[in-house]
$ cat start10.tsv   # TSV, C-alpha atoms and all ligand atoms
chain	number	residue	atom	x	y	z
A	97	MET	CA	-23.03	-211.69	58.37
A	98	PRO	CA	-22.28	-213.75	61.51
A	99	HIS	CA	-25.98	-214.53	61.62
A	100	THR	CA	-25.95	-216.00	58.11
A	101	MET	CA	-22.85	-218.02	58.84
A	102	ARG	CA	-24.39	-219.46	61.95
A	103	HIS	CA	-27.37	-220.60	59.88
A	104	ALA	CA	-25.18	-222.30	57.34
A	105	ALA	CA	-23.14	-224.04	60.00
A	106	ALA	CA	-26.10	-225.33	62.01
A	107	PRO	CA	-28.01	-227.86	59.93
A	108	ALA	CA	-29.00	-229.59	63.16
A	109	ARG	CA	-31.61	-226.97	63.88
A	110	THR	CA	-34.79	-228.87	63.13
A	111	THR	CA	-37.57	-227.77	60.85
A	112	GLU	CA	-39.81	-227.59	63.88
A	113	GLN	CA	-37.48	-225.17	65.69
A	114	ARG	CA	-37.14	-223.04	62.59
A	115	LEU	CA	-40.92	-222.92	62.27
A	116	VAL	CA	-41.37	-221.94	65.90
A	117	ASP	CA	-38.81	-219.14	65.49
A	118	HIS	CA	-40.40	-218.03	62.24
A	119	VAL	CA	-43.90	-217.81	63.72
A	120	GLU	CA	-42.53	-215.99	66.74
A	121	ARG	CA	-40.78	-213.45	64.52
A	122	LEU	CA	-43.81	-212.92	62.30
A	123	GLY	CA	-45.98	-212.27	65.32
A	124	ALA	CA	-43.50	-209.78	66.76
A	125	GLU	CA	-42.57	-207.95	63.55
A	126	HIS	CA	-45.90	-207.97	61.75
A	127	PRO	CA	-48.79	-207.00	63.97
A	128	PRO	CA	-52.13	-206.80	62.12
A	129	ILE	CA	-52.31	-203.55	60.13
A	130	GLU	CA	-54.33	-200.94	61.97
A	131	LEU	CA	-57.09	-199.16	60.10
A	132	SER	CA	-55.85	-195.88	61.57
A	133	SER	CA	-52.53	-196.31	59.71
A	134	VAL	CA	-54.29	-196.33	56.34
A	135	ASP	CA	-54.78	-193.25	54.19
A	136	PHE	CA	-57.87	-193.88	52.05
A	137	THR	CA	-57.36	-190.79	49.90
A	138	VAL	CA	-58.29	-191.57	46.29
A	139	HIS	CA	-57.90	-188.84	43.64
A	140	ARG	CA	-60.13	-190.43	41.00
A	141	PRO	CA	-62.44	-192.93	42.72
A	142	ALA	CA	-64.51	-193.70	39.61
A	143	VAL	CA	-61.41	-194.48	37.55
A	144	LEU	CA	-59.93	-196.66	40.27
A	145	ALA	CA	-63.25	-198.50	40.65
A	146	GLU	CA	-63.56	-198.98	36.91
A	147	ARG	CA	-60.06	-200.34	36.49
A	148	TYR	CA	-59.35	-202.23	39.70
A	149	GLY	CA	-62.67	-202.44	41.54
A	150	HIS	CA	-63.27	-206.11	40.75
A	151	VAL	CA	-59.68	-206.93	41.73
A	152	LEU	CA	-60.15	-205.24	45.11
A	153	ASP	CA	-63.40	-207.14	45.55
A	154	TYR	CA	-61.84	-210.51	44.72
A	155	MET	CA	-58.93	-209.94	47.06
A	156	ALA	CA	-61.10	-208.56	49.86
A	157	ARG	CA	-63.37	-211.62	49.60
A	158	VAL	CA	-60.51	-214.10	49.64
A	159	GLU	CA	-58.83	-212.36	52.58
A	160	LEU	CA	-62.07	-212.22	54.57
A	161	GLU	CA	-62.81	-215.87	53.84
A	162	VAL	CA	-59.90	-216.71	56.12
A	163	ASP	CA	-62.59	-217.22	58.76
A	164	ARG	CA	-63.98	-220.08	56.69
A	165	ASN	CA	-60.47	-221.35	56.03
A	166	VAL	CA	-60.06	-221.78	59.76
A	167	LEU	CA	-63.23	-223.92	59.84
A	168	GLU	CA	-61.83	-225.94	56.94
A	169	LEU	CA	-58.61	-226.36	58.84
A	170	VAL	CA	-60.37	-227.75	61.86
A	171	THR	CA	-62.13	-230.20	59.52
A	172	LEU	CA	-58.90	-231.14	57.78
A	173	LEU	CA	-56.61	-231.28	60.78
A	174	PRO	CA	-58.49	-232.35	63.87
A	175	ASP	CA	-55.23	-232.48	65.83
A	176	PRO	CA	-52.67	-230.04	64.32
A	177	PRO	CA	-49.10	-229.61	65.58
A	178	GLU	CA	-48.84	-226.75	68.08
A	179	VAL	CA	-46.76	-224.56	65.74
A	180	ASP	CA	-49.46	-224.83	63.06
A	181	ARG	CA	-52.15	-223.88	65.50
A	182	ARG	CA	-50.14	-220.90	66.69
A	183	PHE	CA	-49.47	-219.78	63.14
A	184	PHE	CA	-53.03	-219.86	61.91
A	185	ALA	CA	-54.71	-218.65	65.09
A	186	ASP	CA	-52.28	-216.01	66.38
A	187	VAL	CA	-50.53	-214.72	63.27
A	188	TRP	CA	-52.16	-215.63	60.00
A	189	GLN	CA	-55.86	-215.17	60.69
A	190	PRO	CA	-55.55	-211.78	62.47
A	191	GLN	CA	-53.33	-210.42	59.67
A	192	GLU	CA	-55.50	-211.69	56.81
A	193	VAL	CA	-58.73	-210.42	58.35
A	194	GLN	CA	-57.23	-206.91	58.47
A	195	HIS	CA	-56.14	-207.21	54.83
A	196	GLY	CA	-59.73	-208.07	53.95
A	197	LEU	CA	-61.29	-205.28	56.01
A	198	ILE	CA	-58.94	-202.66	54.59
A	199	LEU	CA	-59.43	-203.71	50.96
A	200	ASP	CA	-63.17	-203.89	51.47
A	201	ARG	CA	-63.25	-200.42	53.02
A	202	LEU	CA	-61.29	-199.15	50.01
A	203	GLN	CA	-63.72	-200.59	47.48
A	204	VAL	CA	-66.67	-199.10	49.35
A	205	GLN	CA	-64.78	-195.79	49.42
A	206	VAL	CA	-64.64	-195.77	45.62
A	207	GLY	CA	-68.35	-196.44	45.36
A	208	ARG	CA	-68.67	-200.21	45.15
A	209	PRO	CA	-70.75	-202.55	47.31
A	210	PRO	CA	-68.81	-204.47	49.97
A	211	ALA	CA	-67.52	-207.98	49.29
A	212	THR	CA	-69.79	-210.93	50.05
A	213	PRO	CA	-67.44	-213.50	51.55
A	214	ASP	CA	-68.67	-216.99	52.30
A	215	LEU	CA	-67.60	-217.37	55.90
A	216	ASP	CA	-69.02	-220.76	56.82
A	217	THR	CA	-69.62	-223.20	53.94
A	218	VAL	CA	-67.08	-225.98	54.10
A	219	GLY	CA	-66.92	-227.50	50.61
A	220	ALA	CA	-67.33	-231.13	49.56
A	221	LYS	CA	-63.67	-231.65	48.69
A	222	ILE	CA	-62.62	-230.47	52.14
A	223	LYS	CA	-65.17	-232.75	53.80
A	224	VAL	CA	-63.91	-235.77	51.86
A	225	LEU	CA	-60.31	-234.96	52.81
A	226	GLY	CA	-61.38	-234.34	56.40
A	227	MET	CA	-63.02	-237.77	56.58
A	228	LEU	CA	-59.87	-239.36	55.24
A	229	ALA	CA	-57.82	-237.46	57.80
A	230	HIS	CA	-59.34	-239.42	60.64
A	231	VAL	CA	-57.15	-242.33	59.56
A	232	ALA	CA	-53.92	-241.45	61.38
A	233	ALA	CA	-51.52	-242.19	58.51
A	234	ILE	CA	-53.63	-240.06	56.20
A	235	GLN	CA	-53.62	-237.08	58.54
A	236	ASP	CA	-50.09	-236.32	57.34
A	237	VAL	CA	-51.16	-236.64	53.72
A	238	VAL	CA	-53.92	-234.11	54.30
A	239	ARG	CA	-51.56	-231.84	56.21
A	240	MET	CA	-49.22	-231.95	53.23
A	241	LEU	CA	-52.08	-230.85	50.95
A	242	TYR	CA	-52.83	-228.00	53.33
A	243	TYR	CA	-49.22	-226.79	53.15
A	244	LEU	CA	-49.17	-227.02	49.35
A	245	THR	CA	-52.41	-225.06	49.12
A	246	GLY	CA	-51.02	-222.49	51.53
A	247	ALA	CA	-47.79	-222.08	49.57
A	248	ALA	CA	-49.61	-221.67	46.24
A	249	THR	CA	-52.15	-219.27	47.76
A	250	GLU	CA	-49.60	-217.03	49.48
A	251	ARG	CA	-47.35	-216.96	46.44
A	252	SER	CA	-50.37	-215.93	44.37
A	253	ALA	CA	-51.05	-213.15	46.85
A	254	VAL	CA	-47.49	-211.82	46.68
A	255	LEU	CA	-47.52	-211.75	42.88
A	256	ALA	CA	-51.00	-210.26	42.63
A	257	TYR	CA	-50.22	-207.49	45.15
A	258	ASN	CA	-47.00	-206.72	43.24
A	259	LEU	CA	-48.98	-206.22	40.04
A	260	LEU	CA	-51.74	-204.28	41.75
A	261	HIS	CA	-49.19	-202.05	43.49
A	262	ARG	CA	-47.54	-201.26	40.18
A	263	GLY	CA	-50.87	-200.49	38.48
A	264	VAL	CA	-52.17	-198.27	41.27
A	265	THR	CA	-48.85	-196.43	41.46
A	266	GLU	CA	-48.93	-195.79	37.72
A	267	MET	CA	-52.39	-194.26	38.17
A	268	GLY	CA	-50.92	-191.79	40.66
A	269	GLU	CA	-52.98	-193.16	43.55
A	270	THR	CA	-50.00	-193.06	45.87
A	271	ALA	CA	-51.90	-193.11	49.18
A	272	VAL	CA	-53.55	-196.39	48.19
A	273	ALA	CA	-50.29	-197.83	46.88
A	274	ASP	CA	-48.23	-196.80	49.92
A	275	THR	CA	-50.65	-197.30	52.81
A	276	VAL	CA	-52.98	-200.06	51.56
A	277	ILE	CA	-51.25	-202.32	49.06
A	278	ALA	CA	-47.62	-202.03	50.20
A	279	PRO	CA	-48.22	-202.87	53.90
A	280	ILE	CA	-50.47	-205.81	52.97
A	281	ARG	CA	-47.99	-207.09	50.43
A	282	ARG	CA	-45.23	-206.94	53.04
A	283	GLN	CA	-47.02	-209.53	55.22
A	284	GLU	CA	-47.57	-212.21	52.57
A	285	PRO	CA	-44.00	-213.53	52.06
A	286	GLY	CA	-43.84	-214.58	55.72
A	287	HIS	CA	-46.97	-216.68	55.22
A	288	PHE	CA	-45.48	-218.25	52.11
A	289	ALA	CA	-42.26	-219.05	53.98
A	290	PHE	CA	-44.19	-220.83	56.72
A	291	TYR	CA	-45.96	-223.13	54.27
A	292	GLN	CA	-42.87	-223.74	52.17
A	293	LEU	CA	-40.77	-224.69	55.17
A	294	SER	CA	-43.57	-226.89	56.54
A	295	ALA	CA	-44.09	-228.60	53.18
A	296	ARG	CA	-40.40	-229.40	52.75
A	297	GLY	CA	-40.10	-230.71	56.28
A	298	LEU	CA	-43.16	-232.94	56.11
A	299	TRP	CA	-42.44	-234.24	52.61
A	300	SER	CA	-39.11	-235.60	53.83
A	301	GLU	CA	-40.98	-237.66	56.43
A	302	LEU	CA	-43.64	-239.15	54.18
A	303	THR	CA	-43.44	-242.76	53.00
A	304	GLY	CA	-43.76	-243.83	49.38
A	305	TRP	CA	-47.47	-244.55	49.46
A	306	GLN	CA	-48.21	-241.33	51.33
A	307	ARG	CA	-46.38	-239.37	48.65
A	308	TRP	CA	-48.29	-241.25	45.98
A	309	LEU	CA	-51.55	-240.32	47.67
A	310	VAL	CA	-50.54	-236.66	48.01
A	311	ARG	CA	-49.93	-236.54	44.24
A	312	ARG	CA	-53.29	-238.16	43.49
A	313	LEU	CA	-55.28	-235.95	45.85
A	314	ARG	CA	-53.50	-232.77	44.81
A	315	ARG	CA	-54.55	-233.33	41.20
A	316	PHE	CA	-58.12	-233.72	42.37
A	317	SER	CA	-58.24	-230.85	44.84
A	318	PHE	CA	-56.21	-228.01	43.26
A	319	ALA	CA	-58.03	-224.75	42.47
A	320	PRO	CA	-56.77	-221.19	41.86
A	321	VAL	CA	-57.02	-219.17	45.08
A	322	GLY	CA	-60.59	-218.26	45.98
A	323	ALA	CA	-62.11	-220.00	42.92
A	324	ASN	CA	-64.55	-222.51	44.30
A	325	HIS	CA	-67.20	-222.58	41.56
A	326	ASP	CA	-67.57	-221.47	37.94
A	327	GLY	CA	-68.68	-217.94	38.79
A	328	GLN	CA	-65.65	-217.41	41.00
A	329	ARG	CA	-63.42	-219.07	38.40
A	330	ALA	CA	-64.65	-216.51	35.85
A	331	ASP	CA	-64.02	-213.74	38.42
A	332	PHE	CA	-60.49	-215.06	38.82
A	333	GLY	CA	-60.04	-215.04	35.04
A	334	GLU	CA	-61.04	-211.36	34.99
A	335	VAL	CA	-58.57	-210.57	37.77
A	336	MET	CA	-55.88	-212.34	35.74
A	337	ALA	CA	-56.78	-210.26	32.69
A	338	THR	CA	-56.69	-206.95	34.57
A	339	LEU	CA	-53.38	-207.73	36.26
A	340	GLY	CA	-51.83	-208.89	32.99
A	341	ILE	CA	-51.50	-212.51	34.10
A	342	ALA	CA	-53.86	-213.85	31.43
A	343	ASP	CA	-51.34	-212.90	28.73
A	344	GLU	CA	-48.86	-215.42	30.03
A	345	PRO	CA	-50.67	-217.63	32.53
A	346	SER	CA	-47.98	-220.31	32.48
A	347	ARG	CA	-45.45	-217.96	34.05
A	348	PHE	CA	-47.78	-217.18	36.95
A	349	ALA	CA	-48.80	-220.85	37.21
A	350	GLY	CA	-45.14	-221.85	37.23
A	351	GLU	CA	-44.33	-219.41	40.03
A	352	ILE	CA	-47.19	-220.42	42.30
A	353	SER	CA	-46.59	-224.16	41.86
A	354	ARG	CA	-42.82	-224.09	42.37
A	355	VAL	CA	-42.93	-225.75	45.79
A	356	GLU	CA	-45.05	-228.68	44.66
A	357	ARG	CA	-43.11	-229.05	41.43
A	358	GLU	CA	-39.89	-229.40	43.40
A	359	LEU	CA	-41.33	-231.86	45.88
A	360	LEU	CA	-44.09	-233.87	44.19
A	361	TRP	CA	-42.93	-233.86	40.59
A	362	ALA	CA	-39.14	-233.75	40.93
A	363	ARG	CA	-38.83	-236.94	38.84
A	364	GLU	CA	-40.56	-235.35	35.87
A	365	GLN	CA	-37.58	-233.56	34.36
A	366	GLY	CA	-38.32	-230.36	32.54
A	367	LEU	CA	-41.87	-230.04	33.83
A	368	LYS	CA	-42.58	-226.32	34.14
A	369	VAL	CA	-46.14	-226.41	35.41
A	370	PRO	CA	-48.14	-229.39	36.70
A	371	ALA	CA	-50.99	-230.09	34.26
A	372	TYR	CA	-53.72	-229.60	36.87
A	373	VAL	CA	-52.39	-226.11	37.71
A	374	ALA	CA	-52.16	-225.09	34.06
A	375	ARG	CA	-55.69	-226.42	33.52
A	376	GLY	CA	-57.03	-224.47	36.51
A	377	PHE	CA	-55.72	-221.19	35.13
A	378	HIS	CA	-56.71	-221.95	31.56
A	379	GLU	CA	-60.28	-222.69	32.63
A	380	ALA	CA	-60.49	-219.42	34.57
A	381	VAL	CA	-59.46	-217.43	31.49
A	382	GLU	CA	-61.94	-219.37	29.31
A	383	LEU	CA	-64.81	-218.86	31.75
A	384	ALA	CA	-64.12	-215.13	31.90
A	385	HIS	CA	-64.16	-214.94	28.10
A	386	ALA	CA	-67.40	-216.91	27.90
A	387	ARG	CA	-69.06	-214.63	30.43
A	388	ALA	CA	-67.90	-211.52	28.55
A	389	ARG	CA	-69.32	-212.95	25.31
A	390	ARG	CA	-72.67	-213.64	26.99
A	391	ALA	CA	-72.73	-210.10	28.38
A	392	THR	CA	-72.10	-208.47	24.99
A	393	GLY	CA	-74.03	-210.99	22.89
A	401	FE	FE	-53.38	-211.41	52.93
A	402	FE	FE	-51.37	-214.35	53.37
$ encode --input "start10.tsv" --output "structure tokens"
Amino acid sequence: MPHTMRHAAAPARTTEQRLVDHVERLGAEHPPIELSSVDFTVHRPAVLAERYGHVLDYMARVELEVDRNVLELVTLLPDPPEVDRRFFADVWQPQEVQHGLILDRLQVQVGRPPATPDLDTVGAKIKVLGMLAHVAAIQDVVRMLYYLTGAATERSAVLAYNLLHRGVTEMGETAVADTVIAPIRRQEPGHFAFYQLSARGLWSELTGWQRWLVRRLRRFSFAPVGANHDGQRADFGEVMATLGIADEPSRFAGEISRVERELLWAREQGLKVPAYVARGFHEAVELAHARARRATG
């Protein structure tokens, strides 16, 4: 209780100090998950593979692609603040790589081929943004986009792991639920908090035209997590269907875009989901349907 009160009474603590403390705490309290702590016992491997195999594969790929994300970051932010560098190099990347390795080991365990992450192709959108970022005033605009992407991605991860945990538990695969999904899920909210805090802090410093540019570029650059081309968008649509998100995509879309809705689109009263986010999810569902029709037809 005294701790909470101190927080409330100390608005002078800057965003930067809070971020430094947060990263410090994450590093201390959440070391990367060790493979030896995981119990890969699966009672019905074929059933787990049939039901959730493609979800494990999607998540393993996205987690492993953190290595490419770091390359993208270097392209986007040639000169990042020290706290950002510490977060992504010392905390975020080591944790996410372990998430990927563990999920990938699990899918191989149940008889599937390992994920095929793209570890080194930096996409065209990133390159365009990276070129823009060499103009000093635009560096902050690009950094803002990075925080928004991070917040949406990490929120997606939290929600997806919640749903996966529930599904795997209902199947009676308790070792997987308790020693794979639960420990991974526990590390994602801290990532989300970093990006949310960073986004709020930076947004308050941006000028009018920088904010305008963030809105424009966000519309152009948004994609559901890990969906970089039509095939991956269809994969994402299938993950949504399996996890039950496709039934009400606007709820999921609303959750993952809350930070940008509050900051970028605060003036648009009553807006639940930015149109570009809704479109991204809708397209994923459509592409998955189209692929299923081609496969059966
Ligand atoms: Fe992760
Ligand atoms: Fe994460």
$ residues_near_ligand --input "start10.tsv" --ligand "ligand FE 401 (chain A)" --cutoff "12 Å" --atoms "all atoms listed in the file" --output "ChimeraX atom specification"
/A:128-129,154-162,187-199,246,249-257,276-288,321
$ closest_residue --input "start10.tsv" --among "A:Arg363, A:Arg140, A:Arg114, A:His385" --to "Asp331 (chain A)" --atoms "all atoms listed in the file"
A:His385
$ residues_around --input "start10.tsv" --residues "Leu367 (chain A)" --least-positions-apart "3" --cutoff "10 Å" --atoms "only C-alpha atoms" --output "list in words"
Gly350, Arg357, Glu358, Trp361, Ala362, Arg363, Glu364, Pro370 and Ala371 of chain A
$ closest_residue --input "start10.tsv" --among "A:Asp117, A:Val204, A:Leu225, A:Ala248" --to "ligand FE 402 (chain A)" --atoms "all atoms listed in the file"
A:Ala248
$ atom_distance --input "start10.tsv" --atom1 "CA of Phe136 (chain A)" --atom2 "CA of Val272 (chain A)"
6.3 Å
$ atom_distance --input "start10.tsv" --atom1 "CA of Arg329 (chain A)" --atom2 "CA of Asp180 (chain A)"
28.9 Å
$ residues_around --input "start10.tsv" --residues "Leu298 (chain A)" --least-positions-apart "2" --cutoff "9 Å" --atoms "only C-alpha atoms" --output "ChimeraX atom specification"
/A:111,236,239-240,293-296,300-302
$ atom_distance --input "start10.tsv" --atom1 "CA of Ala247 (chain A)" --atom2 "CA of Glu356 (chain A)"
8.7 Å
$ closest_residue --input "start10.tsv" --among "A:Ala233, A:Ala220, A:Leu260, A:Ala384" --to "Trp305 (chain A)" --atoms "all atoms listed in the file"
A:Ala233
$ residues_around --input "start10.tsv" --residues "Lys223 (chain A)" --least-positions-apart "6" --cutoff "12 Å" --atoms "only C-alpha atoms" --output "PyMOL selection string"
chain A and resi 167-173+217+229-230+238+317
$ closest_residue --input "start10.tsv" --among "A:Arg311, A:Arg121, A:His126, A:Lys368" --to "ligand FE 402 (chain A)" --atoms "all atoms listed in the file"
A:His126
$ closest_residue --input "start10.tsv" --among "A:Ala185, A:Leu313, A:Ala386, A:Val206" --to "Leu241 (chain A)" --atoms "all atoms listed in the file"
A:Leu313
$ closest_residue --input "start10.tsv" --among "A:Val231, A:Val381, A:Val151, A:Ala289" --to "ligand FE 402 (chain A)" --atoms "all atoms listed in the file"
A:Ala289
$ decode --input "start10.tsv" --residues "region 120-156 of chain A" --atoms "N, CA and C atoms" --output "PDB file, in the first residue's frame"
ATOM      1  N   GLU A 120      14.654  -2.648 -15.843  1.00  0.00           N
ATOM      2  CA  GLU A 120      15.476  -3.255 -14.792  1.00  0.00           C
ATOM      3  C   GLU A 120      14.718  -4.399 -14.107  1.00  0.00           C
ATOM      4  N   ARG A 121      13.474  -4.117 -13.755  1.00  0.00           N
ATOM      5  CA  ARG A 121      12.648  -5.099 -13.041  1.00  0.00           C
ATOM      6  C   ARG A 121      12.356  -6.315 -13.913  1.00  0.00           C
ATOM      7  N   LEU A 122      12.031  -6.051 -15.187  1.00  0.00           N
ATOM      8  CA  LEU A 122      11.758  -7.172 -16.095  1.00  0.00           C
ATOM      9  C   LEU A 122      12.967  -8.096 -16.207  1.00  0.00           C
ATOM     10  N   GLY A 123      14.137  -7.468 -16.346  1.00  0.00           N
ATOM     11  CA  GLY A 123      15.353  -8.254 -16.477  1.00  0.00           C
ATOM     12  C   GLY A 123      15.606  -9.106 -15.244  1.00  0.00           C
ATOM     13  N   ALA A 124      15.340  -8.516 -14.060  1.00  0.00           N
ATOM     14  CA  ALA A 124      15.617  -9.220 -12.816  1.00  0.00           C
ATOM     15  C   ALA A 124      14.570 -10.303 -12.531  1.00  0.00           C
ATOM     16  N   GLU A 125      13.300  -9.997 -12.818  1.00  0.00           N
ATOM     17  CA  GLU A 125      12.222 -10.914 -12.416  1.00  0.00           C
ATOM     18  C   GLU A 125      11.863 -11.941 -13.488  1.00  0.00           C
ATOM     19  N   HIS A 126      12.239 -11.657 -14.720  1.00  0.00           N
ATOM     20  CA  HIS A 126      11.862 -12.560 -15.808  1.00  0.00           C
ATOM     21  C   HIS A 126      13.058 -12.989 -16.646  1.00  0.00           C
ATOM     22  N   PRO A 127      13.911 -13.825 -16.088  1.00  0.00           N
ATOM     23  CA  PRO A 127      14.995 -14.346 -16.922  1.00  0.00           C
ATOM     24  C   PRO A 127      14.384 -15.189 -18.039  1.00  0.00           C
ATOM     25  N   PRO A 128      15.096 -15.351 -19.170  1.00  0.00           N
ATOM     26  CA  PRO A 128      14.586 -16.201 -20.238  1.00  0.00           C
ATOM     27  C   PRO A 128      14.232 -17.588 -19.673  1.00  0.00           C
ATOM     28  N   ILE A 129      13.145 -18.174 -20.175  1.00  0.00           N
ATOM     29  CA  ILE A 129      12.687 -19.470 -19.671  1.00  0.00           C
ATOM     30  C   ILE A 129      13.671 -20.555 -20.100  1.00  0.00           C
ATOM     31  N   GLU A 130      14.109 -21.350 -19.135  1.00  0.00           N
ATOM     32  CA  GLU A 130      15.062 -22.402 -19.481  1.00  0.00           C
ATOM     33  C   GLU A 130      14.341 -23.630 -20.018  1.00  0.00           C
ATOM     34  N   LEU A 131      14.939 -24.221 -21.054  1.00  0.00           N
ATOM     35  CA  LEU A 131      14.341 -25.422 -21.635  1.00  0.00           C
ATOM     36  C   LEU A 131      14.175 -26.515 -20.576  1.00  0.00           C
ATOM     37  N   SER A 132      15.115 -26.563 -19.628  1.00  0.00           N
ATOM     38  CA  SER A 132      15.076 -27.626 -18.622  1.00  0.00           C
ATOM     39  C   SER A 132      13.888 -27.474 -17.681  1.00  0.00           C
ATOM     40  N   SER A 133      13.249 -26.294 -17.671  1.00  0.00           N
ATOM     41  CA  SER A 133      12.093 -26.090 -16.785  1.00  0.00           C
ATOM     42  C   SER A 133      10.796 -26.563 -17.441  1.00  0.00           C
ATOM     43  N   VAL A 134      10.888 -26.962 -18.708  1.00  0.00           N
ATOM     44  CA  VAL A 134       9.674 -27.289 -19.459  1.00  0.00           C
ATOM     45  C   VAL A 134       9.419 -28.795 -19.462  1.00  0.00           C
ATOM     46  N   ASP A 135       8.183 -29.153 -19.205  1.00  0.00           N
ATOM     47  CA  ASP A 135       7.761 -30.558 -19.282  1.00  0.00           C
ATOM     48  C   ASP A 135       6.988 -30.748 -20.599  1.00  0.00           C
ATOM     49  N   PHE A 136       7.618 -31.448 -21.542  1.00  0.00           N
ATOM     50  CA  PHE A 136       7.022 -31.601 -22.871  1.00  0.00           C
ATOM     51  C   PHE A 136       6.088 -32.816 -22.976  1.00  0.00           C
ATOM     52  N   THR A 137       5.630 -33.312 -21.823  1.00  0.00           N
ATOM     53  CA  THR A 137       4.716 -34.452 -21.857  1.00  0.00           C
ATOM     54  C   THR A 137       3.406 -34.088 -22.566  1.00  0.00           C
ATOM     55  N   VAL A 138       3.066 -34.851 -23.594  1.00  0.00           N
ATOM     56  CA  VAL A 138       1.788 -34.651 -24.287  1.00  0.00           C
ATOM     57  C   VAL A 138       1.060 -35.991 -24.309  1.00  0.00           C
ATOM     58  N   HIS A 139      -0.173 -36.018 -23.799  1.00  0.00           N
ATOM     59  CA  HIS A 139      -0.913 -37.292 -23.724  1.00  0.00           C
ATOM     60  C   HIS A 139      -1.376 -37.755 -25.098  1.00  0.00           C
ATOM     61  N   ARG A 140      -1.904 -36.816 -25.898  1.00  0.00           N
ATOM     62  CA  ARG A 140      -2.405 -37.191 -27.226  1.00  0.00           C
ATOM     63  C   ARG A 140      -1.786 -36.276 -28.272  1.00  0.00           C
ATOM     64  N   PRO A 141      -0.545 -36.588 -28.677  1.00  0.00           N
ATOM     65  CA  PRO A 141       0.174 -35.696 -29.589  1.00  0.00           C
ATOM     66  C   PRO A 141      -0.575 -35.444 -30.902  1.00  0.00           C
ATOM     67  N   ALA A 142      -1.182 -36.504 -31.469  1.00  0.00           N
ATOM     68  CA  ALA A 142      -1.852 -36.324 -32.764  1.00  0.00           C
ATOM     69  C   ALA A 142      -3.035 -35.368 -32.649  1.00  0.00           C
ATOM     70  N   VAL A 143      -3.753 -35.467 -31.523  1.00  0.00           N
ATOM     71  CA  VAL A 143      -4.916 -34.589 -31.333  1.00  0.00           C
ATOM     72  C   VAL A 143      -4.467 -33.142 -31.120  1.00  0.00           C
ATOM     73  N   LEU A 144      -3.419 -32.991 -30.320  1.00  0.00           N
ATOM     74  CA  LEU A 144      -2.903 -31.632 -30.097  1.00  0.00           C
ATOM     75  C   LEU A 144      -2.408 -31.030 -31.415  1.00  0.00           C
ATOM     76  N   ALA A 145      -1.703 -31.838 -32.209  1.00  0.00           N
ATOM     77  CA  ALA A 145      -1.185 -31.352 -33.495  1.00  0.00           C
ATOM     78  C   ALA A 145      -2.322 -30.973 -34.435  1.00  0.00           C
ATOM     79  N   GLU A 146      -3.346 -31.816 -34.454  1.00  0.00           N
ATOM     80  CA  GLU A 146      -4.487 -31.570 -35.333  1.00  0.00           C
ATOM     81  C   GLU A 146      -5.196 -30.270 -34.957  1.00  0.00           C
ATOM     82  N   ARG A 147      -5.398 -30.086 -33.654  1.00  0.00           N
ATOM     83  CA  ARG A 147      -6.178 -28.929 -33.224  1.00  0.00           C
ATOM     84  C   ARG A 147      -5.356 -27.653 -33.185  1.00  0.00           C
ATOM     85  N   TYR A 148      -4.182 -27.718 -32.575  1.00  0.00           N
ATOM     86  CA  TYR A 148      -3.425 -26.485 -32.313  1.00  0.00           C
ATOM     87  C   TYR A 148      -2.060 -26.422 -32.998  1.00  0.00           C
ATOM     88  N   GLY A 149      -1.743 -27.430 -33.817  1.00  0.00           N
ATOM     89  CA  GLY A 149      -0.424 -27.452 -34.447  1.00  0.00           C
ATOM     90  C   GLY A 149      -0.105 -26.181 -35.222  1.00  0.00           C
ATOM     91  N   HIS A 150      -1.059 -25.717 -36.043  1.00  0.00           N
ATOM     92  CA  HIS A 150      -0.774 -24.533 -36.858  1.00  0.00           C
ATOM     93  C   HIS A 150      -0.677 -23.269 -36.004  1.00  0.00           C
ATOM     94  N   VAL A 151      -1.345 -23.295 -34.837  1.00  0.00           N
ATOM     95  CA  VAL A 151      -1.234 -22.143 -33.930  1.00  0.00           C
ATOM     96  C   VAL A 151       0.173 -22.119 -33.313  1.00  0.00           C
ATOM     97  N   LEU A 152       0.627 -23.285 -32.877  1.00  0.00           N
ATOM     98  CA  LEU A 152       1.990 -23.376 -32.321  1.00  0.00           C
ATOM     99  C   LEU A 152       3.005 -22.922 -33.350  1.00  0.00           C
ATOM    100  N   ASP A 153       2.798 -23.359 -34.610  1.00  0.00           N
ATOM    101  CA  ASP A 153       3.737 -22.999 -35.666  1.00  0.00           C
ATOM    102  C   ASP A 153       3.755 -21.496 -35.906  1.00  0.00           C
ATOM    103  N   TYR A 154       2.587 -20.876 -35.953  1.00  0.00           N
ATOM    104  CA  TYR A 154       2.506 -19.430 -36.194  1.00  0.00           C
ATOM    105  C   TYR A 154       3.220 -18.672 -35.071  1.00  0.00           C
ATOM    106  N   MET A 155       2.920 -19.084 -33.839  1.00  0.00           N
ATOM    107  CA  MET A 155       3.505 -18.385 -32.704  1.00  0.00           C
ATOM    108  C   MET A 155       5.007 -18.625 -32.615  1.00  0.00           C
ATOM    109  N   ALA A 156       5.427 -19.863 -32.874  1.00  0.00           N
ATOM    110  CA  ALA A 156       6.866 -20.148 -32.845  1.00  0.00           C
ATOM    111  C   ALA A 156       7.583 -19.286 -33.888  1.00  0.00           C
TER     112      ALA A 156
END
